[in-house]
>>> print(open('final05.cif').read())   # mmCIF, C-alpha atoms
data_upload
#
loop_
_atom_site.label_atom_id
_atom_site.label_comp_id
_atom_site.auth_asym_id
_atom_site.auth_seq_id
_atom_site.Cartn_x
_atom_site.Cartn_y
_atom_site.Cartn_z
CA MET C 55 0.00 0.00 0.00
CA ARG C 56 2.56 2.54 0.98
CA ASN C 57 6.27 3.12 0.98
CA PRO C 58 7.35 1.66 4.38
CA LYS C 59 9.85 4.42 5.12
CA THR C 60 7.35 7.23 4.65
CA HIS C 61 4.08 5.59 5.63
CA PHE C 62 4.04 2.47 7.72
CA PHE C 63 7.14 3.57 9.55
CA ALA C 64 5.00 6.54 10.57
CA ILE C 65 3.30 4.07 12.89
CA LEU C 66 6.56 3.89 14.82
CA LEU C 67 7.28 7.57 14.50
CA CYS C 68 3.85 8.39 15.86
CA LEU C 69 4.89 6.85 19.14
CA ALA C 70 7.49 9.58 19.55
CA PHE C 71 6.41 12.64 17.61
CA PHE C 72 3.29 14.56 18.55
CA GLN C 73 1.89 18.04 18.30
CA LEU C 74 1.80 20.24 21.37
CA HIS C 75 -1.70 20.31 22.85
CA SER C 76 -1.15 21.78 26.31
CA CYS C 77 1.95 22.51 28.34
CA LYS C 78 5.40 22.04 26.83
CA GLU C 79 6.70 18.86 28.38
CA LYS C 80 9.49 16.77 26.97
CA TYR C 81 8.47 13.17 26.47
CA TRP C 82 11.03 10.48 25.77
CA PRO C 83 9.07 7.30 25.01
CA GLU C 84 10.36 3.80 25.58
CA LEU C 85 10.54 2.47 22.04
CA ASP C 86 12.62 -0.68 22.53
CA LYS C 87 9.52 -2.89 22.50
CA TYR C 88 8.70 -1.61 19.00
CA GLU C 89 11.97 -2.87 17.58
CA ASP C 90 11.95 -6.23 15.81
CA VAL C 91 8.16 -6.07 15.52
CA LEU C 92 6.13 -7.56 12.67
CA VAL C 93 4.64 -4.94 10.35
CA VAL C 94 1.77 -6.02 8.06
CA ASP C 95 0.73 -4.04 4.98
CA GLY C 96 -1.83 -5.67 2.70
CA MET C 97 -5.28 -5.46 1.19
CA ILE C 98 -7.98 -7.35 -0.67
CA THR C 99 -10.64 -5.46 -2.63
CA ASN C 100 -13.52 -6.04 -5.02
CA LYS C 101 -11.12 -5.36 -7.91
CA PRO C 102 -9.45 -8.35 -9.63
CA GLY C 103 -6.17 -9.55 -8.14
CA PRO C 104 -3.38 -10.19 -7.70
CA TYR C 105 -3.50 -8.95 -4.12
CA THR C 106 -0.32 -8.06 -2.27
CA VAL C 107 0.76 -8.36 1.36
CA ARG C 108 4.08 -6.91 2.51
CA LEU C 109 5.68 -8.16 5.69
CA SER C 110 8.57 -6.45 7.39
CA VAL C 111 10.27 -6.18 10.75
CA SER C 112 10.72 -2.82 12.43
CA ALA C 113 14.29 -1.67 12.97
CA PRO C 114 15.53 0.64 15.75
CA ILE C 115 13.80 3.99 15.56
CA ASP C 116 16.98 5.84 14.59
CA SER C 117 17.53 3.68 11.50
CA ALA C 118 14.28 4.75 9.79
CA GLU C 119 13.81 1.54 7.87
CA LEU C 120 11.84 -1.67 7.85
CA ILE C 121 13.48 -5.01 7.13
CA PRO C 122 11.68 -7.49 4.83
CA PHE C 123 10.27 -10.51 6.69
CA THR C 124 10.91 -13.46 4.41
CA ASP C 125 10.09 -17.16 4.09
CA CYS C 126 6.65 -16.91 5.70
CA GLN C 127 3.53 -18.85 4.74
CA LEU C 128 0.52 -16.63 4.04
CA ILE C 129 -3.09 -17.64 3.39
CA ILE C 130 -6.07 -15.44 2.59
CA SER C 131 -9.42 -17.10 3.31
CA ASP C 132 -13.07 -16.08 3.16
CA ASP C 133 -16.01 -17.00 5.38
CA ILE C 134 -17.32 -19.74 3.09
CA GLY C 135 -14.13 -21.78 2.98
CA ASN C 136 -12.26 -20.44 -0.06
CA THR C 137 -8.51 -20.05 0.50
CA GLU C 138 -5.38 -19.13 -1.40
CA ASN C 139 -1.71 -19.46 -0.51
CA LEU C 140 0.36 -16.41 -1.39
CA ILE C 141 3.70 -16.65 -3.18
CA GLU C 142 6.73 -14.62 -2.10
CA THR C 143 7.67 -12.76 -5.30
CA GLU C 144 10.48 -10.71 -3.74
CA PRO C 145 11.82 -10.41 -0.20
CA GLY C 146 8.90 -9.68 2.11
CA VAL C 147 6.37 -9.27 -0.75
CA TYR C 148 3.68 -11.96 -1.01
CA MET C 149 1.09 -12.10 -3.80
CA THR C 150 -1.95 -14.06 -4.90
CA SER C 151 -2.11 -15.32 -8.48
CA PRO C 152 -3.80 -13.04 -11.06
CA ASP C 153 -6.63 -15.55 -11.57
CA GLY C 154 -6.81 -16.64 -7.95
CA LEU C 155 -9.04 -15.60 -5.07
CA ARG C 156 -11.31 -12.66 -5.91
CA GLY C 157 -12.78 -10.27 -3.36
CA ILE C 158 -16.60 -10.50 -3.35
CA ILE C 159 -18.76 -7.76 -1.81
CA GLY C 160 -20.51 -9.03 1.32
CA ARG C 161 -18.01 -11.78 2.12
CA LYS C 162 -15.56 -11.64 5.00
CA TYR C 163 -11.82 -12.17 4.65
CA GLN C 164 -8.94 -13.08 6.93
CA LEU C 165 -5.16 -13.19 6.60
CA GLN C 166 -3.12 -15.96 8.26
CA ILE C 167 0.67 -15.79 8.64
CA SER C 168 3.06 -18.51 9.74
CA SER C 169 6.66 -17.45 10.37
CA PRO C 170 9.75 -19.61 9.84
CA GLU C 171 10.12 -19.71 13.63
CA GLY C 172 6.66 -21.25 14.03
CA GLU C 173 4.83 -18.12 15.18
CA ASN C 174 1.25 -17.87 13.91
CA TYR C 175 -0.63 -14.65 13.29
CA THR C 176 -4.15 -13.95 12.12
CA SER C 177 -6.25 -10.94 11.27
CA ALA C 178 -9.86 -10.53 12.31
CA TYR C 179 -12.45 -11.38 9.67
CA GLU C 180 -13.67 -8.19 8.00
CA GLU C 181 -16.52 -7.75 5.55
CA LEU C 182 -15.80 -6.43 2.07
CA LYS C 183 -18.04 -3.36 1.86
CA ALA C 184 -19.70 -2.22 -1.36
CA PRO C 185 -17.68 0.69 -2.73
CA VAL C 186 -19.10 4.19 -2.67
CA GLY C 187 -18.37 5.97 -5.93
CA ILE C 188 -16.35 9.16 -6.40
CA ASP C 189 -18.45 11.92 -7.89
CA SER C 190 -15.58 14.27 -8.74
CA VAL C 191 -12.01 15.25 -7.95
CA TYR C 192 -10.97 18.80 -8.76
CA GLY C 193 -8.33 21.43 -8.11
CA VAL C 194 -9.02 24.98 -6.94
CA ILE C 195 -6.42 27.76 -7.12
CA GLU C 196 -5.70 28.92 -3.58
CA TYR C 197 -3.22 31.33 -2.03
CA ARG C 198 -1.44 30.61 1.24
CA GLN C 199 0.92 32.33 3.62
CA ASP C 200 4.20 30.87 4.83
CA GLU C 201 6.18 32.79 7.43
CA LYS C 202 9.42 31.52 5.84
CA ILE C 203 8.57 32.92 2.39
CA PRO C 204 8.25 36.67 1.68
CA TYR C 205 5.42 36.26 -0.84
CA GLU C 206 2.14 34.37 -1.10
CA LEU C 207 2.27 30.76 -2.17
CA VAL C 208 -0.17 29.83 -4.90
CA GLY C 209 -1.21 26.47 -6.26
CA TYR C 210 -3.97 23.91 -6.58
CA GLN C 211 -5.78 22.62 -3.53
CA PHE C 212 -7.35 19.32 -4.52
CA TYR C 213 -10.81 18.34 -3.31
CA LEU C 214 -13.04 15.29 -3.59
CA ASP C 215 -16.81 14.87 -3.70
CA ALA C 216 -18.15 11.37 -3.02
CA GLU C 217 -21.44 9.95 -4.20
CA MET C 218 -24.27 9.37 -1.76
CA ALA C 219 -23.60 6.34 0.40
CA GLU C 220 -26.31 3.73 0.97
CA GLN C 221 -25.36 3.36 4.63
CA ASP C 222 -25.80 6.22 7.10
CA SER C 223 -22.41 5.46 8.60
CA SER C 224 -19.75 4.83 5.96
CA TYR C 225 -16.02 5.00 6.50
CA PHE C 226 -13.35 5.93 4.00
CA LEU C 227 -9.62 5.89 3.40
CA TRP C 228 -8.27 7.78 0.39
CA ARG C 229 -5.00 7.18 -1.44
CA ALA C 230 -3.64 9.55 -4.06
CA ASP C 231 -0.97 9.04 -6.72
CA ALA C 232 0.30 11.97 -8.75
CA THR C 233 2.07 12.15 -12.10
CA TYR C 234 3.30 15.34 -13.70
CA HIS C 235 4.76 16.33 -17.04
CA TYR C 236 7.71 18.70 -17.01
CA GLN C 237 10.32 19.86 -19.52
CA SER C 238 14.00 20.72 -19.78
CA ASP C 239 15.06 24.35 -20.00
CA PHE C 240 17.02 23.84 -23.23
CA THR C 241 16.70 21.66 -26.31
CA ILE C 242 19.68 19.45 -27.16
CA ARG C 243 21.28 19.94 -30.58
CA TRP C 244 24.58 18.06 -30.23
CA TYR C 245 26.12 15.32 -28.16
CA TYR C 246 29.77 14.46 -27.64
CA ASP C 247 31.04 10.91 -27.03
CA GLY C 248 34.58 11.44 -28.28
CA THR C 249 33.10 12.72 -31.53
CA LEU C 250 30.65 15.58 -31.98
CA ASN C 251 27.34 14.27 -33.31
CA TRP C 252 24.03 15.78 -34.35
CA PHE C 253 21.38 14.86 -31.78
CA HIS C 254 18.57 13.21 -33.72
CA GLY C 255 15.16 13.61 -32.16
CA PRO C 256 15.71 16.87 -30.25
CA ASP C 257 12.72 16.27 -27.96
CA SER C 258 13.74 12.85 -26.71
CA LEU C 259 15.27 14.22 -23.50
CA TYR C 260 13.11 17.32 -23.34
CA ASN C 261 9.82 15.88 -21.97
CA CYS C 262 9.63 13.80 -18.82
CA TRP C 263 6.97 12.39 -16.51
CA LYS C 264 7.41 11.77 -12.82
CA SER C 265 5.08 9.87 -10.48
CA TYR C 266 4.83 9.70 -6.70
CA ARG C 267 2.49 8.58 -3.94
CA VAL C 268 1.06 11.54 -2.05
CA ALA C 269 2.68 11.15 1.36
CA ARG C 270 -0.38 11.73 3.49
CA ILE C 271 -3.15 9.70 5.07
CA PHE C 272 -6.72 10.82 4.32
CA THR C 273 -9.69 9.43 6.25
CA GLY C 274 -13.33 10.42 6.51
CA SER C 275 -16.71 9.28 7.78
CA THR C 276 -20.39 10.11 7.17
CA GLN C 277 -21.24 9.15 10.73
CA SER C 278 -22.04 12.64 11.98
CA LEU C 279 -23.42 14.09 8.72
CA ASN C 280 -27.07 14.90 8.02
CA LEU C 281 -26.74 13.06 4.72
CA PRO C 282 -24.31 10.18 4.07
CA LYS C 283 -22.39 12.19 1.49
CA ILE C 284 -18.93 13.74 1.70
CA ASP C 285 -18.40 16.94 -0.27
CA LYS C 286 -15.31 19.09 -0.77
CA TYR C 287 -13.02 16.82 1.18
CA ALA C 288 -9.57 18.44 1.18
CA LEU C 289 -6.80 16.31 -0.25
CA HIS C 290 -3.27 17.68 -0.75
CA TYR C 291 -2.00 21.06 -1.94
CA VAL C 292 0.51 21.56 -4.77
CA ASN C 293 2.11 24.99 -5.18
CA THR C 294 4.15 26.62 -7.93
CA GLU C 295 7.46 26.41 -6.07
CA SER C 296 8.40 23.35 -8.15
CA ARG C 297 7.85 22.11 -11.71
CA GLN C 298 4.90 19.90 -10.76
CA LEU C 299 2.34 22.29 -12.26
CA SER C 300 4.61 23.66 -14.99
CA VAL C 301 3.03 21.70 -17.88
CA ARG C 302 0.33 19.21 -16.85
CA TYR C 303 -0.53 17.39 -13.64
CA SER C 304 -2.57 14.23 -13.12
CA LEU C 305 -4.05 12.95 -9.88
CA PHE C 306 -5.31 9.39 -9.43
CA VAL C 307 -7.49 8.91 -6.34
CA GLN C 308 -8.63 5.63 -4.82
CA GLN C 309 -11.54 5.76 -2.40
CA LEU C 310 -11.57 2.76 -0.07
CA THR C 311 -14.83 1.98 1.70
CA ILE C 312 -13.67 0.28 4.89
CA SER C 313 -14.88 -1.07 8.21
CA GLU C 314 -15.28 1.09 11.30
CA ASP C 315 -12.32 -0.70 12.90
CA ALA C 316 -10.11 0.02 9.90
CA TYR C 317 -11.24 3.65 9.98
CA GLU C 318 -10.35 3.97 13.66
CA PHE C 319 -6.89 2.58 12.93
CA TRP C 320 -6.12 4.85 9.97
CA ASN C 321 -7.73 7.89 11.54
CA GLY C 322 -5.51 7.39 14.58
CA ILE C 323 -2.44 7.14 12.35
CA GLU C 324 -3.54 10.28 10.49
CA GLU C 325 -3.97 12.25 13.71
CA GLN C 326 -0.67 11.14 15.19
CA SER C 327 1.40 11.58 12.04
CA ALA C 328 0.13 15.17 11.78
CA GLY C 329 2.14 15.97 14.90
CA GLN C 330 5.27 13.92 14.37
CA GLU C 331 7.60 16.89 13.92
CA SER C 332 8.02 17.60 17.61
CA LEU C 333 9.35 15.72 20.62
CA TYR C 334 7.65 18.29 22.85
CA ALA C 335 4.40 16.45 23.02
CA THR C 336 1.70 14.76 24.98
CA GLN C 337 2.19 11.10 25.77
CA PRO C 338 1.34 8.95 22.74
CA PHE C 339 -1.01 5.99 22.61
CA GLN C 340 -0.46 2.73 20.79
CA ILE C 341 -2.67 2.13 17.75
CA SER C 342 -3.69 -1.49 17.45
CA GLY C 343 -4.24 -3.04 14.04
CA ASN C 344 -6.29 -6.14 13.24
CA VAL C 345 -3.42 -8.68 13.25
CA ARG C 346 -2.41 -10.58 16.40
CA ASN C 347 -0.17 -13.44 17.46
CA ILE C 348 -2.52 -16.37 18.12
CA ASP C 349 -0.42 -17.65 21.02
CA ASN C 350 0.74 -14.33 22.45
CA ASP C 351 -1.73 -11.47 22.56
CA ALA C 352 0.85 -9.33 24.35
CA GLU C 353 3.12 -9.24 21.28
CA PRO C 354 2.71 -5.91 19.45
CA VAL C 355 1.95 -6.26 15.75
CA LEU C 356 1.88 -3.13 13.61
CA GLY C 357 -0.15 -2.46 10.50
CA TYR C 358 -3.48 -3.61 9.12
CA PHE C 359 -4.81 -6.18 6.67
CA MET C 360 -7.36 -4.18 4.71
CA VAL C 361 -10.65 -5.45 3.27
CA ALA C 362 -12.12 -2.66 1.17
CA GLY C 363 -14.52 -1.78 -1.59
CA ILE C 364 -12.63 0.47 -3.98
CA SER C 365 -13.61 3.17 -6.47
CA GLU C 366 -11.20 5.26 -8.54
CA LYS C 367 -10.97 8.49 -10.49
CA ARG C 368 -8.20 10.21 -12.45
CA ILE C 369 -8.14 13.89 -13.37
CA PHE C 370 -5.77 16.11 -15.37
CA MET C 371 -4.94 19.72 -14.57
CA ASP C 372 -3.23 22.09 -17.00
CA ARG C 373 -0.67 24.68 -15.99
CA PRO C 374 -2.38 27.45 -13.99
CA PRO C 375 -3.32 30.64 -15.90
CA GLY C 376 -0.55 32.90 -17.18
CA ASN C 377 -0.87 35.44 -14.37
CA ILE C 378 0.05 32.80 -11.77
CA PRO C 379 3.76 33.14 -10.87
CA PHE C 380 6.16 30.19 -10.69
CA HIS C 381 9.25 30.28 -8.48
CA TYR C 382 11.30 27.23 -9.37
CA SER C 383 14.81 27.87 -10.66
CA ILE C 384 15.34 28.14 -14.43
CA CYS C 385 18.69 27.53 -16.10
CA GLU C 386 20.47 30.48 -17.70
CA LEU C 387 23.62 30.40 -19.81
CA ASP C 388 26.84 32.03 -18.68
CA ASN C 389 30.34 32.32 -20.11
CA GLY C 390 31.40 29.10 -18.45
CA ASP C 391 28.83 27.15 -20.49
CA PHE C 392 30.28 28.45 -23.76
CA HIS C 393 33.79 27.74 -22.50
CA SER C 394 32.77 24.17 -21.64
CA TYR C 395 31.78 23.59 -25.25
CA ALA C 396 35.17 24.81 -26.43
CA GLN C 397 36.82 22.32 -24.04
CA LEU C 398 34.74 19.26 -24.99
CA SER C 399 37.72 17.38 -26.37
CA MET C 400 39.30 17.48 -22.91
CA ALA C 401 36.27 15.97 -21.14
CA ASP C 402 36.64 12.76 -19.17
CA PRO C 403 34.93 9.90 -21.05
CA VAL C 404 33.20 8.90 -17.83
CA PHE C 405 30.81 11.80 -18.50
CA TYR C 406 29.90 10.70 -22.04
CA PRO C 407 27.58 11.47 -23.67
CA ILE C 408 27.75 15.21 -23.05
CA TYR C 409 24.87 17.20 -24.43
CA ALA C 410 25.27 20.62 -26.04
CA ILE C 411 22.83 23.29 -27.20
CA GLU C 412 22.86 26.00 -29.82
CA THR C 413 21.57 29.51 -29.17
CA PRO C 414 19.43 31.42 -31.71
CA GLY C 415 22.56 33.36 -32.60
CA GLY C 416 24.40 30.17 -33.52
CA ARG C 417 26.67 29.92 -30.45
CA ARG C 418 27.11 26.50 -28.88
CA ALA C 419 27.23 25.81 -25.16
CA VAL C 420 27.31 22.95 -22.68
CA PRO C 421 25.06 23.92 -19.78
CA SER C 422 24.58 21.84 -16.65
CA GLN C 423 23.25 18.51 -17.90
CA GLU C 424 20.21 18.84 -15.63
CA CYS C 425 19.18 21.75 -17.84
CA VAL C 426 18.98 19.61 -20.99
CA ASP C 427 18.33 16.04 -19.80
CA CYS C 428 14.99 15.98 -18.01
CA ARG C 429 15.78 12.56 -16.53
CA ARG C 430 18.30 14.24 -14.22
CA LYS C 431 15.33 15.64 -12.27
CA GLY C 432 14.09 12.15 -11.46
CA GLY C 433 11.55 11.53 -14.21
CA THR C 434 11.33 9.21 -17.18
CA ILE C 435 11.02 10.00 -20.89
CA THR C 436 8.42 7.24 -21.29
CA LYS C 437 4.96 8.74 -21.41
CA PRO C 438 2.56 6.79 -19.13
CA ASP C 439 -0.07 4.73 -20.92
CA PHE C 440 -2.86 6.61 -19.16
CA TRP C 441 -1.54 10.04 -20.08
CA VAL C 442 -3.86 12.39 -22.00
CA ASP C 443 -2.41 15.59 -23.48
#
>>> encode(input="final05.cif", output="structure tokens")
Amino acid sequence: MRNPKTHFFAILLCLAFFQLHSCKEKYWPELDKYEDVLVVDGMITNKPGPYTVRLSVSAPIDSAELIPFTDCQLIISDDIGNTENLIETEPGVYMTSPDGLRGIIGRKYQLQISSPEGENYTSAYEELKAPVGIDSVYGVIEYRQDEKIPYELVGYQFYLDAEMAEQDSSYFLWRADATYHYQSDFTIRWYYDGTLNWFHGPDSLYNCWKSYRVARIFTGSTQSLNLPKIDKYALHYVNTESRQLSVRYSLFVQQLTISEDAYEFWNGIEEQSAGQESLYATQPFQISGNVRNIDNDAEPVLGYFMVAGISEKRIFMDRPPGNIPFHYSICELDNGDFHSYAQLSMADPVFYPIYAIETPGGRRAVPSQECVDCRRKGGTITKPDFWVD
């Protein structure tokens, strides 16, 4: 479900980092018992498989990593006797087969884990809820203040409207994945690999796409609403301080309809992770998931095996209107770039190929390669299959 360093490890971090609610009191929690602890991260939905469960072991808090838990036996079963054994496809990652067990709305599902040491774990049976649809996802231009920045931030605040739920009390977890199109500052005209060559296909390193999981937990409930419908739920905010909105931005949102127990778990994680930047905090509380050691209830087990009805929506947002300022750095040529071109023959082959540009006046230069090769900013030149220009 989530990158363990930035998401499930937040379960550990939440034990130490909390927001100040009352008096300023230093709290130094005893975290030793949360080292070498099983962490479970998996889900079954009404969508076709394969379904994935990730198992890891928590490391000391100062190492900020989780260690894959390998060589376990995992079984997913439903309440009418159907079962499937999961296969370990890479260290700590266990999967069902693509044509194996399928999540059916109304049935209940359980995860069983047997470790190489003979320890046995099980999750509680949870019912697969019918998914509630997403009505719309949209971005609204909003301005914000930041005391560290001498001007107003501007960007898109993303919101979600859900469809009307059939149940008065429905519980949700949202996940968001973003992809954005960005471009290099210069177009390549030449490359040097010991010989100067014309660069065929000048746009091949000019356009890139970069994807990431939005590093936040979003939960919601209709429990206290007059109508079982969530409107204008605030997702994340993207400003113009980076290239994310410079060309085109896409947001893919998954709305998970979950049990009340799962909601309580993720809502607790959401609340605690919101305050994890400070050690000056109130005493934390442990958040229990739905997985336990059959023979030792006292053993802490972190994480949750999710059973969820899922609905999805993808949107695309163009660059904000022309009057919206951007503040990311843009490459500019200087004398050193022109000098670098003149010295190409002296370049170390370890840097080949070296890309060069040509100005409108016919002068050639070798700028920083990040200015001409969009991959240097972390993206890929392969346009995603889902991308719509």
>>> resolve_selection(input="final05.cif", expression="the PyMOL selection byres ((chain C and resi 412) around 12)", output="PyMOL selection string")
chain C and resi 240-245+252-253+256+387+391-392+395+409-411+413-421+426
>>> closest_residue(input="final05.cif", among="C:Arg346, C:Arg302, C:Arg430, C:Lys283", to="Leu214 (chain C)", atoms="all atoms listed in the file")
C:Lys283
>>> residues_around(input="final05.cif", residues="Lys101 (chain C)", least_positions_apart="4", cutoff="12 Å", atoms="only C-alpha atoms", output="short mmCIF file (atom, residue, chain, number, x, y, z; two decimals) with C-alpha atoms, in the frame of the given file")
data_model
loop_
_atom_site.label_atom_id
_atom_site.label_comp_id
_atom_site.auth_asym_id
_atom_site.auth_seq_id
_atom_site.Cartn_x
_atom_site.Cartn_y
_atom_site.Cartn_z
CA MET C 97 -5.28 -5.46 1.19
CA TYR C 105 -3.50 -8.95 -4.12
CA PRO C 152 -3.80 -13.04 -11.06
CA ASP C 153 -6.63 -15.55 -11.57
CA LEU C 155 -9.04 -15.60 -5.07
CA ARG C 156 -11.31 -12.66 -5.91
CA GLY C 157 -12.78 -10.27 -3.36
CA ILE C 158 -16.60 -10.50 -3.35
CA ILE C 159 -18.76 -7.76 -1.81
CA LEU C 182 -15.80 -6.43 2.07
CA ALA C 184 -19.70 -2.22 -1.36
CA PRO C 185 -17.68 0.69 -2.73
CA GLN C 308 -8.63 5.63 -4.82
CA LEU C 310 -11.57 2.76 -0.07
CA VAL C 361 -10.65 -5.45 3.27
CA ALA C 362 -12.12 -2.66 1.17
CA GLY C 363 -14.52 -1.78 -1.59
CA ILE C 364 -12.63 0.47 -3.98
CA SER C 365 -13.61 3.17 -6.47
CA GLU C 366 -11.20 5.26 -8.54
#
>>> residues_around(input="final05.cif", residues="Glu138 (chain C)", least_positions_apart="6", cutoff="7 Å", atoms="all atoms listed in the file", output="list in words")
Ile129, Ile130, Ser131 and Leu155 of chain C
>>> resolve_selection(input="final05.cif", expression="the PyMOL selection byres ((chain C and resi 435-438) around 7)", output="list in words")
Leu259, Asn261, Cys262, Trp263, Arg429, Gly433, Thr434, Asp439, Phe440 and Trp441 of chain C
>>> write_last_selection(input="final05.cif", atoms="C-alpha atoms", output="JSON list (two decimals), in the frame of the given file")
[["chain", "number", "residue", "atom", "x", "y", "z"],
["C", 259, "LEU", "CA", 15.27, 14.22, -23.50],
["C", 261, "ASN", "CA", 9.82, 15.88, -21.97],
["C", 262, "CYS", "CA", 9.63, 13.80, -18.82],
["C", 263, "TRP", "CA", 6.97, 12.39, -16.51],
["C", 429, "ARG", "CA", 15.78, 12.56, -16.53],
["C", 433, "GLY", "CA", 11.55, 11.53, -14.21],
["C", 434, "THR", "CA", 11.33, 9.21, -17.18],
["C", 439, "ASP", "CA", -0.07, 4.73, -20.92],
["C", 440, "PHE", "CA", -2.86, 6.61, -19.16],
["C", 441, "TRP", "CA", -1.54, 10.04, -20.08]]
>>> resolve_selection(input="final05.cif", expression="the PyMOL selection byres ((chain C and resi 220-228) around 6)", output="VMD selection string")
chain C and resid 219 229 272 to 277 282 308 to 312
>>> atom_distance(input="final05.cif", atom1="CA of Pro379 (chain C)", atom2="CA of Arg270 (chain C)")
26.1 Å
>>> residues_near_point(input="final05.cif", point="(-6.5, 8.4, 10.5)", cutoff="10 Å", atoms="all atoms listed in the file", output="ChimeraX atom specification")
/C:226-227,270-274,316-328
>>> decode(input="final05.cif", residues="region 345-404 of chain C", atoms="C-alpha atoms", output="mmCIF file, in the first residue's frame")
data_model
loop_
_atom_site.group_PDB
_atom_site.id
_atom_site.type_symbol
_atom_site.label_atom_id
_atom_site.label_comp_id
_atom_site.auth_asym_id
_atom_site.auth_seq_id
_atom_site.Cartn_x
_atom_site.Cartn_y
_atom_site.Cartn_z
ATOM 1 C CA VAL C 345 -3.421 -8.682 13.250
ATOM 2 C CA ARG C 346 -2.414 -10.580 16.397
ATOM 3 C CA ASN C 347 -0.170 -13.440 17.459
ATOM 4 C CA ILE C 348 -2.525 -16.367 18.117
ATOM 5 C CA ASP C 349 -0.421 -17.655 21.018
ATOM 6 C CA ASN C 350 0.739 -14.334 22.452
ATOM 7 C CA ASP C 351 -1.726 -11.468 22.558
ATOM 8 C CA ALA C 352 0.854 -9.334 24.346
ATOM 9 C CA GLU C 353 3.123 -9.242 21.276
ATOM 10 C CA PRO C 354 2.710 -5.915 19.447
ATOM 11 C CA VAL C 355 1.954 -6.255 15.752
ATOM 12 C CA LEU C 356 1.880 -3.130 13.614
ATOM 13 C CA GLY C 357 -0.155 -2.456 10.501
ATOM 14 C CA TYR C 358 -3.478 -3.614 9.124
ATOM 15 C CA PHE C 359 -4.808 -6.178 6.665
ATOM 16 C CA MET C 360 -7.361 -4.184 4.712
ATOM 17 C CA VAL C 361 -10.650 -5.448 3.272
ATOM 18 C CA ALA C 362 -12.121 -2.664 1.174
ATOM 19 C CA GLY C 363 -14.522 -1.779 -1.593
ATOM 20 C CA ILE C 364 -12.632 0.465 -3.981
ATOM 21 C CA SER C 365 -13.609 3.168 -6.465
ATOM 22 C CA GLU C 366 -11.200 5.257 -8.539
ATOM 23 C CA LYS C 367 -10.973 8.486 -10.493
ATOM 24 C CA ARG C 368 -8.201 10.214 -12.454
ATOM 25 C CA ILE C 369 -8.136 13.894 -13.370
ATOM 26 C CA PHE C 370 -5.770 16.105 -15.371
ATOM 27 C CA MET C 371 -4.940 19.721 -14.573
ATOM 28 C CA ASP C 372 -3.229 22.087 -17.001
ATOM 29 C CA ARG C 373 -0.666 24.677 -15.985
ATOM 30 C CA PRO C 374 -2.381 27.448 -13.991
ATOM 31 C CA PRO C 375 -3.317 30.635 -15.904
ATOM 32 C CA GLY C 376 -0.548 32.904 -17.177
ATOM 33 C CA ASN C 377 -0.866 35.442 -14.367
ATOM 34 C CA ILE C 378 0.048 32.799 -11.768
ATOM 35 C CA PRO C 379 3.760 33.138 -10.868
ATOM 36 C CA PHE C 380 6.161 30.185 -10.685
ATOM 37 C CA HIS C 381 9.245 30.284 -8.479
ATOM 38 C CA TYR C 382 11.297 27.225 -9.374
ATOM 39 C CA SER C 383 14.810 27.868 -10.661
ATOM 40 C CA ILE C 384 15.336 28.135 -14.429
ATOM 41 C CA CYS C 385 18.690 27.535 -16.105
ATOM 42 C CA GLU C 386 20.473 30.482 -17.695
ATOM 43 C CA LEU C 387 23.623 30.402 -19.809
ATOM 44 C CA ASP C 388 26.836 32.028 -18.676
ATOM 45 C CA ASN C 389 30.336 32.325 -20.114
ATOM 46 C CA GLY C 390 31.402 29.101 -18.454
ATOM 47 C CA ASP C 391 28.831 27.147 -20.490
ATOM 48 C CA PHE C 392 30.283 28.449 -23.765
ATOM 49 C CA HIS C 393 33.792 27.741 -22.502
ATOM 50 C CA SER C 394 32.772 24.169 -21.643
ATOM 51 C CA TYR C 395 31.784 23.591 -25.250
ATOM 52 C CA ALA C 396 35.169 24.813 -26.430
ATOM 53 C CA GLN C 397 36.821 22.324 -24.040
ATOM 54 C CA LEU C 398 34.736 19.265 -24.991
ATOM 55 C CA SER C 399 37.724 17.375 -26.367
ATOM 56 C CA MET C 400 39.299 17.482 -22.909
ATOM 57 C CA ALA C 401 36.265 15.974 -21.138
ATOM 58 C CA ASP C 402 36.642 12.763 -19.169
ATOM 59 C CA PRO C 403 34.934 9.898 -21.052
ATOM 60 C CA VAL C 404 33.205 8.901 -17.834
#
